Every structure is written in structure tokens, then in C-alpha cells.
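K.L.:
work20.pdb is the file, holding PDB, C-alpha atoms, pLDDT in the B column:
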```pdb
ATOM      1  CA  MET A   1     -13.026 -10.242   6.759  1.00 40.00           C
ATOM      2  CA  SER A   2     -13.575  -6.616   7.684  1.00 52.00           C
ATOM      3  CA  VAL A   3     -14.045  -3.218   6.106  1.00 54.00           C
ATOM      4  CA  PRO A   4     -11.701  -0.489   7.409  1.00 67.00           C
ATOM      5  CA  PHE A   5     -12.941   2.586   9.208  1.00 87.00           C
ATOM      6  CA  PRO A   6     -11.650   6.120   8.390  1.00 94.00           C
ATOM      7  CA  GLY A   7      -7.861   6.473   8.674  1.00 96.00           C
ATOM      8  CA  VAL A   8      -7.165   2.782   8.047  1.00 97.00           C
ATOM      9  CA  PRO A   9      -5.601   1.398   4.832  1.00 97.00           C
ATOM     10  CA  ASN A  10      -8.482   0.131   2.708  1.00 96.00           C
ATOM     11  CA  TRP A  11      -6.979  -0.406  -0.760  1.00 98.00           C
ATOM     12  CA  VAL A  12      -3.731  -0.863  -2.635  1.00 98.00           C
ATOM     13  CA  ASP A  13      -3.154  -0.795  -6.348  1.00 97.00           C
ATOM     14  CA  LEU A  14      -0.314  -1.198  -8.790  1.00 98.00           C
ATOM     15  CA  ALA A  15       0.592   1.164 -11.617  1.00 96.00           C
ATOM     16  CA  THR A  16       2.691  -0.979 -13.938  1.00 97.00           C
ATOM     17  CA  ALA A  17       4.623  -0.791 -17.191  1.00 96.00           C
ATOM     18  CA  ASP A  18       3.256  -4.205 -18.266  1.00 96.00           C
ATOM     19  CA  LEU A  19      -0.212  -4.983 -16.937  1.00 95.00           C
ATOM     20  CA  ASP A  20      -0.462  -8.365 -18.668  1.00 96.00           C
ATOM     21  CA  ASP A  21       2.812  -9.626 -17.218  1.00 98.00           C
ATOM     22  CA  ALA A  22       2.054  -8.164 -13.789  1.00 98.00           C
ATOM     23  CA  THR A  23      -1.282  -9.974 -13.844  1.00 97.00           C
ATOM     24  CA  ARG A  24       0.505 -13.237 -14.670  1.00 98.00           C
ATOM     25  CA  PHE A  25       3.037 -12.713 -11.874  1.00 98.00           C
ATOM     26  CA  TYR A  26       0.649 -11.812  -9.060  1.00 98.00           C
ATOM     27  CA  THR A  27      -2.073 -14.314  -9.888  1.00 98.00           C
ATOM     28  CA  GLU A  28       0.492 -17.129  -9.890  1.00 98.00           C
ATOM     29  CA  LEU A  29       2.226 -15.833  -6.759  1.00 98.00           C
ATOM     30  CA  PHE A  30      -0.846 -15.258  -4.575  1.00 98.00           C
ATOM     31  CA  GLY A  31      -3.533 -17.364  -6.241  1.00 98.00           C
ATOM     32  CA  TRP A  32      -5.574 -14.310  -7.157  1.00 98.00           C
ATOM     33  CA  THR A  33      -8.215 -14.242  -9.857  1.00 98.00           C
ATOM     34  CA  VAL A  34      -8.971 -11.227 -12.016  1.00 97.00           C
ATOM     35  CA  GLU A  35     -11.914  -9.002 -12.869  1.00 95.00           C
ATOM     36  CA  ILE A  36     -11.403  -6.385 -15.585  1.00 93.00           C
ATOM     37  CA  SER A  37     -13.606  -3.298 -15.741  1.00 84.00           C
ATOM     38  CA  GLY A  38     -15.163  -1.909 -18.874  1.00 71.00           C
ATOM     39  CA  ASP A  39     -13.740   0.835 -21.070  1.00 71.00           C
ATOM     40  CA  ASP A  40     -15.496   3.485 -18.947  1.00 68.00           C
ATOM     41  CA  LEU A  41     -13.001   2.700 -16.167  1.00 68.00           C
ATOM     42  CA  GLY A  42     -10.032   2.209 -18.462  1.00 72.00           C
ATOM     43  CA  GLY A  43      -9.929  -1.559 -18.136  1.00 76.00           C
ATOM     44  CA  TYR A  44      -8.889  -1.320 -14.493  1.00 93.00           C
ATOM     45  CA  THR A  45      -7.939  -4.739 -13.118  1.00 96.00           C
ATOM     46  CA  THR A  46      -9.254  -5.902  -9.750  1.00 97.00           C
ATOM     47  CA  PHE A  47      -7.497  -8.828  -8.105  1.00 98.00           C
ATOM     48  CA  MET A  48      -9.801 -11.169  -6.200  1.00 98.00           C
ATOM     49  CA  LEU A  49      -9.153 -13.655  -3.401  1.00 98.00           C
ATOM     50  CA  ASN A  50     -11.898 -16.137  -2.544  1.00 95.00           C
ATOM     51  CA  GLY A  51     -14.241 -14.022  -4.652  1.00 96.00           C
ATOM     52  CA  LEU A  52     -13.494 -10.797  -2.767  1.00 97.00           C
ATOM     53  CA  PRO A  53     -11.439  -7.787  -3.930  1.00 97.00           C
ATOM     54  CA  VAL A  54      -7.942  -7.507  -2.421  1.00 98.00           C
ATOM     55  CA  ALA A  55      -6.018  -5.120  -4.722  1.00 98.00           C
ATOM     56  CA  GLY A  56      -6.056  -3.417  -8.100  1.00 97.00           C
ATOM     57  CA  ALA A  57      -3.794  -2.686 -11.046  1.00 97.00           C
ATOM     58  CA  GLY A  58      -3.645  -0.457 -14.072  1.00 95.00           C
ATOM     59  CA  PRO A  59      -1.197   0.995 -16.604  1.00 93.00           C
ATOM     60  CA  LEU A  60       1.212   3.813 -15.858  1.00 93.00           C
ATOM     61  CA  PHE A  61      -0.321   7.283 -15.973  1.00 82.00           C
ATOM     62  CA  GLY A  62       2.472   9.132 -17.737  1.00 78.00           C
ATOM     63  CA  GLU A  63       5.928   8.999 -19.285  1.00 79.00           C
ATOM     64  CA  GLY A  64       8.696   8.552 -16.745  1.00 83.00           C
ATOM     65  CA  GLN A  65       6.476   7.075 -14.047  1.00 90.00           C
ATOM     66  CA  ALA A  66       7.962   4.023 -12.351  1.00 94.00           C
ATOM     67  CA  THR A  67       6.039   0.834 -11.637  1.00 97.00           C
ATOM     68  CA  ALA A  68       4.894   1.078  -8.013  1.00 97.00           C
ATOM     69  CA  TRP A  69       2.260   0.038  -5.508  1.00 98.00           C
ATOM     70  CA  SER A  70       0.088   2.749  -3.916  1.00 98.00           C
ATOM     71  CA  THR A  71      -1.550   2.807  -0.482  1.00 98.00           C
ATOM     72  CA  TYR A  72      -5.074   4.223   0.026  1.00 98.00           C
ATOM     73  CA  PHE A  73      -6.601   5.190   3.360  1.00 98.00           C
ATOM     74  CA  ALA A  74     -10.320   5.127   4.038  1.00 97.00           C
ATOM     75  CA  THR A  75     -12.058   8.475   4.441  1.00 97.00           C
ATOM     76  CA  VAL A  76     -15.639   9.666   4.739  1.00 96.00           C
ATOM     77  CA  ASP A  77     -14.804  12.941   2.955  1.00 97.00           C
ATOM     78  CA  ALA A  78     -11.955  13.049   0.423  1.00 98.00           C
ATOM     79  CA  ASP A  79     -12.290  16.817  -0.033  1.00 98.00           C
ATOM     80  CA  ALA A  80     -11.955  17.462   3.711  1.00 98.00           C
ATOM     81  CA  THR A  81      -8.907  15.187   3.826  1.00 98.00           C
ATOM     82  CA  ALA A  82      -7.330  17.171   0.980  1.00 98.00           C
ATOM     83  CA  ALA A  83      -7.846  20.374   2.955  1.00 98.00           C
ATOM     84  CA  ARG A  84      -6.105  18.817   5.975  1.00 98.00           C
ATOM     85  CA  VAL A  85      -3.210  17.688   3.775  1.00 98.00           C
ATOM     86  CA  GLU A  86      -2.667  21.236   2.539  1.00 98.00           C
ATOM     87  CA  ALA A  87      -2.982  22.676   6.059  1.00 98.00           C
ATOM     88  CA  ALA A  88      -0.312  20.224   7.257  1.00 98.00           C
ATOM     89  CA  TYR A  89       2.094  21.249   4.432  1.00 98.00           C
ATOM     90  CA  GLY A  90       1.528  18.234   2.217  1.00 98.00           C
ATOM     91  CA  THR A  91       0.870  18.418  -1.522  1.00 98.00           C
ATOM     92  CA  VAL A  92      -2.362  17.615  -3.344  1.00 98.00           C
ATOM     93  CA  LEU A  93      -1.355  15.746  -6.506  1.00 96.00           C
ATOM     94  CA  MET A  94      -4.908  15.025  -7.635  1.00 96.00           C
ATOM     95  CA  PRO A  95      -7.850  16.855  -6.041  1.00 98.00           C
ATOM     96  CA  ALA A  96     -10.794  14.681  -5.034  1.00 97.00           C
ATOM     97  CA  PHE A  97     -12.761  13.292  -7.989  1.00 97.00           C
ATOM     98  CA  ASP A  98     -15.517  10.762  -8.554  1.00 96.00           C
ATOM     99  CA  VAL A  99     -14.784   7.322  -9.985  1.00 94.00           C
ATOM    100  CA  LYS A 100     -18.245   6.751 -11.454  1.00 92.00           C
ATOM    101  CA  ASP A 101     -20.466   5.579  -8.594  1.00 93.00           C
ATOM    102  CA  GLN A 102     -17.695   3.434  -7.113  1.00 94.00           C
ATOM    103  CA  GLY A 103     -16.280   6.137  -4.858  1.00 95.00           C
ATOM    104  CA  ARG A 104     -14.241   9.301  -4.647  1.00 97.00           C
ATOM    105  CA  MET A 105     -10.460   9.509  -4.417  1.00 97.00           C
ATOM    106  CA  ALA A 106      -7.611  11.978  -4.078  1.00 98.00           C
ATOM    107  CA  ALA A 107      -3.826  11.595  -4.252  1.00 97.00           C
ATOM    108  CA  PHE A 108      -1.190  13.382  -2.169  1.00 98.00           C
ATOM    109  CA  LEU A 109       2.455  13.719  -1.187  1.00 98.00           C
ATOM    110  CA  ASP A 110       3.367  14.035   2.474  1.00 98.00           C
ATOM    111  CA  PRO A 111       5.884  16.801   3.351  1.00 98.00           C
ATOM    112  CA  ALA A 112       8.828  14.412   2.780  1.00 98.00           C
ATOM    113  CA  GLY A 113       7.513  13.413  -0.656  1.00 98.00           C
ATOM    114  CA  ALA A 114       5.966  10.004   0.067  1.00 98.00           C
ATOM    115  CA  PRO A 115       2.873   9.476  -2.116  1.00 97.00           C
ATOM    116  CA  PHE A 116      -0.413   8.164  -0.729  1.00 98.00           C
ATOM    117  CA  SER A 117      -4.106   8.338  -1.588  1.00 98.00           C
ATOM    118  CA  VAL A 118      -7.506   8.241   0.077  1.00 98.00           C
ATOM    119  CA  TRP A 119     -10.668   6.410  -0.920  1.00 97.00           C
ATOM    120  CA  GLU A 120     -14.182   7.570  -0.036  1.00 97.00           C
ATOM    121  CA  SER A 121     -16.271   4.514  -0.769  1.00 95.00           C
ATOM    122  CA  GLY A 122     -19.388   4.371  -2.890  1.00 94.00           C
ATOM    123  CA  THR A 123     -20.488   1.094  -4.404  1.00 93.00           C
ATOM    124  CA  MET A 124     -16.873  -0.104  -4.151  1.00 93.00           C
ATOM    125  CA  ARG A 125     -15.773  -0.184  -0.511  1.00 93.00           C
ATOM    126  CA  GLY A 126     -12.127  -1.133  -1.118  1.00 95.00           C
ATOM    127  CA  ALA A 127     -10.534  -4.409  -0.131  1.00 97.00           C
ATOM    128  CA  GLU A 128     -12.918  -6.746   1.628  1.00 95.00           C
ATOM    129  CA  VAL A 129     -10.517  -9.326   3.023  1.00 95.00           C
ATOM    130  CA  PHE A 130      -7.385  -8.759   5.112  1.00 96.00           C
ATOM    131  CA  HIS A 131      -4.765 -10.647   7.165  1.00 96.00           C
ATOM    132  CA  ILE A 132      -5.055 -14.008   5.439  1.00 97.00           C
ATOM    133  CA  PRO A 133      -2.535 -15.409   2.922  1.00 98.00           C
ATOM    134  CA  GLY A 134      -2.761 -13.390  -0.288  1.00 98.00           C
ATOM    135  CA  ALA A 135      -4.411 -10.359   1.328  1.00 98.00           C
ATOM    136  CA  LEU A 136      -3.124  -7.022   2.562  1.00 98.00           C
ATOM    137  CA  THR A 137      -1.911  -7.234   6.158  1.00 97.00           C
ATOM    138  CA  TRP A 138       0.273  -4.178   6.919  1.00 97.00           C
ATOM    139  CA  ASN A 139       1.304  -0.777   5.507  1.00 98.00           C
ATOM    140  CA  GLU A 140       4.518   0.911   6.557  1.00 98.00           C
ATOM    141  CA  LEU A 141       5.909   4.346   5.795  1.00 98.00           C
ATOM    142  CA  ASN A 142       9.670   4.466   5.263  1.00 98.00           C
ATOM    143  CA  THR A 143      10.902   7.992   5.980  1.00 98.00           C
ATOM    144  CA  ARG A 144      13.947   9.884   7.246  1.00 97.00           C
ATOM    145  CA  ASP A 145      12.009  12.085   9.702  1.00 96.00           C
ATOM    146  CA  LEU A 146       9.744  10.217  12.122  1.00 97.00           C
ATOM    147  CA  GLU A 147       8.772  13.315  14.099  1.00 96.00           C
ATOM    148  CA  SER A 148       7.577  15.259  11.062  1.00 98.00           C
ATOM    149  CA  ALA A 149       5.779  12.220   9.657  1.00 98.00           C
ATOM    150  CA  ALA A 150       3.940  11.675  12.944  1.00 98.00           C
ATOM    151  CA  ALA A 151       2.879  15.324  13.082  1.00 98.00           C
ATOM    152  CA  PHE A 152       1.590  15.200   9.496  1.00 98.00           C
ATOM    153  CA  TYR A 153      -0.322  11.920   9.599  1.00 98.00           C
ATOM    154  CA  GLY A 154      -1.651  12.668  13.053  1.00 98.00           C
ATOM    155  CA  ALA A 155      -3.161  15.891  11.724  1.00 98.00           C
ATOM    156  CA  VAL A 156      -4.461  14.353   8.485  1.00 98.00           C
ATOM    157  CA  LEU A 157      -5.653  10.906   9.603  1.00 98.00           C
ATOM    158  CA  GLY A 158      -6.093  11.353  13.359  1.00 97.00           C
ATOM    159  CA  TRP A 159      -3.471   8.782  14.341  1.00 98.00           C
ATOM    160  CA  ARG A 160      -1.811   8.423  17.742  1.00 98.00           C
ATOM    161  CA  PHE A 161       1.652   6.900  18.056  1.00 98.00           C
ATOM    162  CA  ARG A 162       3.765   4.657  20.254  1.00 96.00           C
ATOM    163  CA  GLY A 163       7.168   3.125  19.738  1.00 94.00           C
ATOM    164  CA  SER A 164      10.880   3.822  19.676  1.00 92.00           C
ATOM    165  CA  PRO A 165      13.160   6.456  18.090  1.00 93.00           C
ATOM    166  CA  SER A 166      13.428   4.235  14.992  1.00 95.00           C
ATOM    167  CA  TYR A 167       9.890   2.840  14.642  1.00 96.00           C
ATOM    168  CA  LEU A 168       6.406   4.114  15.397  1.00 98.00           C
ATOM    169  CA  VAL A 169       3.180   2.153  15.515  1.00 97.00           C
ATOM    170  CA  CYS A 170       0.252   4.262  14.275  1.00 98.00           C
ATOM    171  CA  GLU A 171      -2.991   3.706  16.168  1.00 98.00           C
ATOM    172  CA  LEU A 172      -6.652   4.614  15.942  1.00 96.00           C
ATOM    173  CA  ASN A 173      -8.785   3.940  19.022  1.00 92.00           C
ATOM    174  CA  HIS A 174      -5.780   2.040  20.456  1.00 94.00           C
ATOM    175  CA  VAL A 175      -5.741  -0.338  17.462  1.00 95.00           C
ATOM    176  CA  PRO A 176      -2.531  -0.559  15.355  1.00 96.00           C
ATOM    177  CA  VAL A 177      -3.274   0.436  11.757  1.00 97.00           C
ATOM    178  CA  ALA A 178       0.144   1.175  10.194  1.00 98.00           C
ATOM    179  CA  GLY A 179       3.825   1.678  10.962  1.00 98.00           C
ATOM    180  CA  ILE A 180       6.470   4.338  10.379  1.00 98.00           C
ATOM    181  CA  GLN A 181      10.046   3.108   9.888  1.00 97.00           C
ATOM    182  CA  LEU A 182      13.092   5.378  10.140  1.00 97.00           C
ATOM    183  CA  MET A 183      15.290   5.102   7.052  1.00 97.00           C
ATOM    184  CA  SER A 184      18.680   5.258   8.722  1.00 93.00           C
ATOM    185  CA  GLY A 185      21.839   3.189   8.342  1.00 89.00           C
ATOM    186  CA  PRO A 186      23.578   1.195   5.603  1.00 87.00           C
ATOM    187  CA  GLY A 187      20.448  -0.718   4.606  1.00 85.00           C
ATOM    188  CA  TRP A 188      18.855   2.435   3.204  1.00 91.00           C
ATOM    189  CA  PRO A 189      20.419   3.817  -0.005  1.00 90.00           C
ATOM    190  CA  ASP A 190      20.727   7.608  -0.042  1.00 91.00           C
ATOM    191  CA  ASP A 191      18.777   7.834  -3.296  1.00 92.00           C
ATOM    192  CA  LEU A 192      15.813   5.814  -2.006  1.00 94.00           C
ATOM    193  CA  PRO A 193      12.920   8.274  -1.567  1.00 96.00           C
ATOM    194  CA  PRO A 194      10.385   8.091   1.299  1.00 97.00           C
ATOM    195  CA  HIS A 195       7.579   5.708   0.421  1.00 98.00           C
ATOM    196  CA  TRP A 196       4.748   3.548   1.721  1.00 98.00           C
ATOM    197  CA  GLN A 197       5.620  -0.166   1.677  1.00 98.00           C
ATOM    198  CA  ILE A 198       2.718  -2.600   1.416  1.00 98.00           C
ATOM    199  CA  HIS A 199       2.775  -6.070   3.002  1.00 98.00           C
ATOM    200  CA  PHE A 200       0.795  -9.092   1.845  1.00 98.00           C
ATOM    201  CA  SER A 201       0.198 -11.964   4.239  1.00 98.00           C
ATOM    202  CA  VAL A 202       1.670 -15.344   3.242  1.00 98.00           C
ATOM    203  CA  GLY A 203       1.778 -18.766   4.821  1.00 97.00           C
ATOM    204  CA  ASP A 204       5.448 -19.315   3.922  1.00 98.00           C
ATOM    205  CA  CYS A 205       7.678 -16.262   3.544  1.00 98.00           C
ATOM    206  CA  ASP A 206      10.766 -18.116   2.302  1.00 98.00           C
ATOM    207  CA  GLY A 207       8.764 -20.242  -0.119  1.00 98.00           C
ATOM    208  CA  THR A 208       6.949 -17.181  -1.492  1.00 98.00           C
ATOM    209  CA  ALA A 209      10.259 -15.367  -2.050  1.00 98.00           C
ATOM    210  CA  GLU A 210      11.639 -18.341  -3.968  1.00 98.00           C
ATOM    211  CA  HIS A 211       8.431 -18.603  -5.998  1.00 98.00           C
ATOM    212  CA  ALA A 212       8.619 -14.894  -6.889  1.00 98.00           C
ATOM    213  CA  VAL A 213      12.103 -15.424  -8.311  1.00 98.00           C
ATOM    214  CA  ARG A 214      10.911 -18.389 -10.380  1.00 98.00           C
ATOM    215  CA  LEU A 215       8.152 -16.157 -11.773  1.00 98.00           C
ATOM    216  CA  GLY A 216      10.655 -13.516 -12.896  1.00 98.00           C
ATOM    217  CA  GLY A 217      10.736 -11.293  -9.821  1.00 98.00           C
ATOM    218  CA  ARG A 218      13.640 -10.699  -7.476  1.00 98.00           C
ATOM    219  CA  ILE A 219      14.421 -10.555  -3.774  1.00 98.00           C
ATOM    220  CA  VAL A 220      15.181  -7.007  -2.595  1.00 96.00           C
ATOM    221  CA  GLN A 221      15.592  -7.919   1.085  1.00 95.00           C
ATOM    222  CA  PRO A 222      15.937 -11.635   1.938  1.00 97.00           C
ATOM    223  CA  PRO A 223      13.594 -13.223   4.480  1.00 98.00           C
ATOM    224  CA  VAL A 224      14.339 -12.223   8.074  1.00 97.00           C
ATOM    225  CA  THR A 225      12.601 -12.878  11.373  1.00 95.00           C
ATOM    226  CA  VAL A 226      11.371  -9.710  13.126  1.00 88.00           C
ATOM    227  CA  SER A 227       8.930  -9.242  16.015  1.00 83.00           C
ATOM    228  CA  GLY A 228       7.269 -12.624  15.779  1.00 88.00           C
ATOM    229  CA  ALA A 229       7.054 -12.640  11.986  1.00 95.00           C
ATOM    230  CA  ARG A 230       9.031 -13.617   8.916  1.00 97.00           C
ATOM    231  CA  ARG A 231       9.354 -10.834   6.342  1.00 97.00           C
ATOM    232  CA  ALA A 232      10.899 -10.300   2.906  1.00 98.00           C
ATOM    233  CA  VAL A 233      10.837  -7.448   0.405  1.00 98.00           C
ATOM    234  CA  LEU A 234      10.375  -8.513  -3.206  1.00 98.00           C
ATOM    235  CA  ALA A 235      10.123  -6.882  -6.620  1.00 98.00           C
ATOM    236  CA  ASP A 236       7.910  -7.939  -9.508  1.00 98.00           C
ATOM    237  CA  PRO A 237       9.350  -8.258 -13.055  1.00 98.00           C
ATOM    238  CA  GLN A 238       8.575  -4.583 -13.774  1.00 98.00           C
ATOM    239  CA  GLY A 239      10.334  -3.407 -10.584  1.00 97.00           C
ATOM    240  CA  GLY A 240       7.302  -2.793  -8.334  1.00 98.00           C
ATOM    241  CA  THR A 241       8.347  -3.541  -4.751  1.00 98.00           C
ATOM    242  CA  PHE A 242       6.193  -5.112  -2.058  1.00 98.00           C
ATOM    243  CA  ALA A 243       6.737  -7.069   1.136  1.00 98.00           C
ATOM    244  CA  VAL A 244       5.419 -10.448   2.222  1.00 98.00           C
ATOM    245  CA  LEU A 245       4.808 -11.247   5.875  1.00 98.00           C
ATOM    246  CA  HIS A 246       4.196 -14.491   7.739  1.00 97.00           C
ATOM    247  CA  ARG A 247       3.083 -13.833  11.291  1.00 92.00           C
ATOM    248  CA  TYR A 248       3.846 -16.549  13.832  1.00 84.00           C
ATOM    249  CA  ARG A 249       1.225 -15.228  16.232  1.00 68.00           C
TER     250      ARG A 249
END
```
Take the structure I supplied and represent it as C-alpha cells, if you would.
P.N.:
Amino acid sequence: MSVPFPGVPNWVDLATADLDDATRFYTELFGWTVEISGDDLGGYTTFMLNGLPVAGAGPLFGEGQATAWSTYFATVDADATAARVEAAYGTVLMPAFDVKDQGRMAAFLDPAGAPFSVWESGTMRGAEVFHIPGALTWNELNTRDLESAAAFYGAVLGWRFRGSPSYLVCELNHVPVAGIQLMSGPGWPDDLPPHWQIHFSVGDCDGTAEHAVRLGGRIVQPPVTVSGARRAVLADPQGGTFAVLHRYR
């Protein structure tokens, strides 16, 4: 268990077309329990693992919005982060605002159009458990321009980078915190926009993929072994995509 420092993913949440069915799907898939906020927070759903928050969910914000998971990065100053986003040619979708006393958030698009958010913690720090089955374990940007993405996120979040022409590992203080994947080749449809892909840790990647299908989801990318891990990309019944990852080491 750990709490991320600034620049590290510290929360993910799902905007969904059917919150009740999404709750059924994810609680059965990952063994999560649920806490639902009061009307003052719109009935926001917090998913819990071993009594600790791991993710959130809520209804879609507006007509035409697709069901999707969002990645949040920890910050000590959401307003300052928004200023850096604008200076680096990103877009501020929602300027920083208070969520009661729980914290302060803002939402952005990077220059290629990938959405992401930041969370400045108050009484709610974000996820409080990581890297165990059912918890967030990795966040990966899929984009068609690695160089521009590195320049943007380096300026906004202070990351350094190492890797290859097709994949970058994002680091803070020499610790890997996220990845950037080049969307190139036949596996990437031309109409697929840049996006942040979240990964939940699982003890059995193949078994989890099969279970997701039984629960009404589907397999977007079948399980494959990569870099000492087994990974699959899945979709929930409303079409929200996420990855599951079983690390061998």
C-alpha cells in the first residue's frame, strides 16, 4: 500500500452509460465492494478493495459521451498544473475546482487529444492500494507521436524518459510511473484516438478474461505474454476498455 507523490497516477474512474450494470460487472470481476456518496456528490460510486479505495465510477456527463475510464495524476497544485498544460499547448477541459473538502481536480487534453485529469488531494487522497490483484498497477498512453507526448508530459508532470522508438517508460526520481506506447501498425485502427489505457493487476490474466466474457464483457486483445507479464485488453458491457496484467516478477 502506498500513496503516490506528484506526477504519479493516483486515481482512475469510470464514466458509464449504466452505472448499476457496471457496478455488477466490476464487483464480480475484481471482488470489489462499493461505497456510494450522498446526493451532494451526485451519488458517486467508490470501489473498495480490502476496505481501501481503488477506483471510482459515475454516470456520463453529457449526451454523446462514450463510456470510458479516466486516469488522474497526483498534484500539489491543480491550478499550477493547468497553467503548465496551457503553456505546453494542451487544452484545459475543466479548470481546477473543489470537490467539497475531498480535493481539487482539473481535466485536460494533451496536444494529440488524449484526455487525462489531475487530483490535488484533500480528505480523499485517491487510491490507497496498488499492485495487488484488483488494484491499479500501470497506466499507459497510446499515441501516434512519442516525441511530442514526451515533450508535453515532461513539461507538465516533470517526467524523464527511457526506452525505444516504439515505447517509452516515464520516470520520476528514476522510478517508472507510466508508459507511452506508439500506435503504429495493423493492430491500431486508424479511427482509434490517442488515449490513456489503465491496467488492473490480476492473479490470472487468462482466467480473468474468460470471467469478463461470462459477465457480459468482451476481449478486445486476447491474453499475450510481454516483458515478464501476461496482459489482455477487455471491455465491459457498456464498452469501457481496460487492461488486466499478471506480472511474473
K.L.:
Mind listing as JSON, numbers by chain all residues within 12 Å of (-18.1, -5.6, -2.4), counting only C-alpha atoms?
P.N.:
{"A": [1, 2, 3, 46, 48, 51, 52, 53, 54, 102, 121, 122, 123, 124, 125, 126, 127, 128, 129]}
K.L.:
If I take CA of Ala57 (chain A) and CA of Ala15 (chain A), how far is one from the other in Å, to one decimal?
P.N.:
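For CA of Ala57 (chain A) relative to CA of Ala15 (chain A), the distance reads 5.9 Å.
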K.L.:
Any idea what the distance is between CA of Ser164 (chain A) and CA of Leu192 (chain A)?
P.N.:
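Computing it gives 22.3 Å between the two atoms.
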K.L.:
Using the chain letters and numbers from the file, which residues does the PyMOL selection byres ((chain A and resi 240) around 12) grab, as a PyMOL selection string?
P.N.:
chain A and resi 13-19+22+25-26+57+60+65-70+197-198+217-220+233-239+241-243
K.L.:
Can you list, as a short mmCIF file (atom, residue, chain, number, x, y, z; two decimals) with C-alpha atoms, keeping the file's coordinate frame, every protein, DNA or RNA residue that comes within 8 Å of Val169 (chain A) when you count only C-alpha atoms, leaving out same-chain residues fewer than 3 positions away?
P.N.:
```
data_model
loop_
_atom_site.label_atom_id
_atom_site.label_comp_id
_atom_site.auth_asym_id
_atom_site.auth_seq_id
_atom_site.Cartn_x
_atom_site.Cartn_y
_atom_site.Cartn_z
CA PHE A 161 1.65 6.90 18.06
CA ARG A 162 3.76 4.66 20.25
CA GLY A 163 7.17 3.12 19.74
CA PRO A 176 -2.53 -0.56 15.36
CA VAL A 177 -3.27 0.44 11.76
CA ALA A 178 0.14 1.18 10.19
CA GLY A 179 3.82 1.68 10.96
CA ILE A 180 6.47 4.34 10.38
#
```
K.L.:
Could you work out how far CA of Thr23 (chain A) lies from CA of Arg231 (chain A), giving the answer in Å with one decimal?
P.N.:
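Atom-to-atom, CA of Arg231 (chain A) and CA of Thr23 (chain A) are spaced 22.8 Å apart.
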K.L.:
Calculated over all atoms listed in the file, which of the candidates A:Ser148, A:Asn173, A:Ser37, A:Thr27 has the smallest distance to Ala88 (chain A)?
P.N.:
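Closest to Ala88 (chain A), using all atoms listed in the file: A:Ser148.
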K.L.:
I need the residue set behind the PyMOL selection byres ((chain A and resi 143) around 6) for this file; please write it as number ranges by chain.
P.N.:
A: 142, 144-145, 182-183, 194
K.L.:
Where does the PyMOL selection byres ((chain A and resi 77) around 12) land in this file, that is, which residues does it pick, as an MDAnalysis selection string?
P.N.:
chainID A and resid 6:7 73:76 78:84 96:98 103:106 118:122 156:157
K.L.:
Using all atoms listed in the file for the distances, tell me which of A:Gly43, A:Pro165, A:Pro111, A:Gly31 is nearest to Pro133 (chain A).
P.N.:
A:Gly31
K.L.:
Using all atoms listed in the file, which residue out of A:Asp110, A:Asp20, A:Glu171, A:Asp39 lies closest to Glu86 (chain A)?
P.N.:
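When distances to Glu86 (chain A) are compared using all atoms listed in the file, the smallest one comes from A:Asp110.
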K.L.:
Nearest residue to His199 (chain A) out of A:Leu109, A:Leu136, A:Leu29, A:Val8, using only C-alpha atoms?
P.N.:
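Counting only C-alpha atoms, the residue closest to His199 (chain A) is A:Leu136.
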K.L.:
Within 9 Å of Gly113 (chain A), counting all atoms listed in the file, which residues qualify if same-chain residues fewer than 5 places away don't, as a PDB file with C-alpha atoms, keeping the file's coordinate frame?
P.N.:
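Once written, out-v7.pdb looks like this:
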```
ATOM      1  CA  GLY A  90       1.528  18.234   2.217  1.00 98.00           C
ATOM      2  CA  THR A  91       0.870  18.418  -1.522  1.00 98.00           C
ATOM      3  CA  PHE A 108      -1.190  13.382  -2.169  1.00 98.00           C
ATOM      4  CA  PRO A 193      12.920   8.274  -1.567  1.00 96.00           C
ATOM      5  CA  PRO A 194      10.385   8.091   1.299  1.00 97.00           C
ATOM      6  CA  HIS A 195       7.579   5.708   0.421  1.00 98.00           C
TER       7      HIS A 195
END
```
K.L.:
Supply region 202-213 of chain A as a PDB file, in the coordinates of the input, with N, CA and C atoms built in where the input has gaps.
P.N.:
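And here's out.pdb as it stands now:
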```
ATOM      1  N   VAL A 202       1.376 -14.063   3.897  1.00 98.00           N
ATOM      2  CA  VAL A 202       1.670 -15.344   3.242  1.00 98.00           C
ATOM      3  C   VAL A 202       1.797 -16.422   4.309  1.00 98.00           C
ATOM      4  N   GLY A 203       1.621 -17.659   3.900  1.00 97.00           N
ATOM      5  CA  GLY A 203       1.778 -18.766   4.821  1.00 97.00           C
ATOM      6  C   GLY A 203       3.206 -19.246   4.931  1.00 97.00           C
ATOM      7  N   ASP A 204       4.052 -18.879   3.962  1.00 98.00           N
ATOM      8  CA  ASP A 204       5.448 -19.315   3.922  1.00 98.00           C
ATOM      9  C   ASP A 204       6.261 -18.211   3.262  1.00 98.00           C
ATOM     10  N   CYS A 205       6.931 -17.407   4.077  1.00 98.00           N
ATOM     11  CA  CYS A 205       7.678 -16.262   3.544  1.00 98.00           C
ATOM     12  C   CYS A 205       8.814 -16.718   2.633  1.00 98.00           C
ATOM     13  N   ASP A 206       9.616 -17.670   3.091  1.00 98.00           N
ATOM     14  CA  ASP A 206      10.766 -18.116   2.302  1.00 98.00           C
ATOM     15  C   ASP A 206      10.308 -18.762   0.995  1.00 98.00           C
ATOM     16  N   GLY A 207       9.271 -19.593   1.078  1.00 98.00           N
ATOM     17  CA  GLY A 207       8.764 -20.242  -0.119  1.00 98.00           C
ATOM     18  C   GLY A 207       8.198 -19.247  -1.111  1.00 98.00           C
ATOM     19  N   THR A 208       7.512 -18.211  -0.608  1.00 98.00           N
ATOM     20  CA  THR A 208       6.949 -17.181  -1.492  1.00 98.00           C
ATOM     21  C   THR A 208       8.055 -16.404  -2.182  1.00 98.00           C
ATOM     22  N   ALA A 209       9.131 -16.080  -1.451  1.00 98.00           N
ATOM     23  CA  ALA A 209      10.259 -15.367  -2.050  1.00 98.00           C
ATOM     24  C   ALA A 209      10.886 -16.188  -3.172  1.00 98.00           C
ATOM     25  N   GLU A 210      11.067 -17.470  -2.941  1.00 98.00           N
ATOM     26  CA  GLU A 210      11.639 -18.341  -3.968  1.00 98.00           C
ATOM     27  C   GLU A 210      10.705 -18.441  -5.175  1.00 98.00           C
ATOM     28  N   HIS A 211       9.412 -18.525  -4.910  1.00 98.00           N
ATOM     29  CA  HIS A 211       8.431 -18.603  -5.998  1.00 98.00           C
ATOM     30  C   HIS A 211       8.454 -17.325  -6.829  1.00 98.00           C
ATOM     31  N   ALA A 212       8.561 -16.165  -6.169  1.00 98.00           N
ATOM     32  CA  ALA A 212       8.619 -14.894  -6.889  1.00 98.00           C
ATOM     33  C   ALA A 212       9.797 -14.863  -7.853  1.00 98.00           C
ATOM     34  N   VAL A 213      10.929 -15.389  -7.437  1.00 98.00           N
ATOM     35  CA  VAL A 213      12.103 -15.424  -8.311  1.00 98.00           C
ATOM     36  C   VAL A 213      11.848 -16.335  -9.511  1.00 98.00           C
TER      37      VAL A 213
END
```
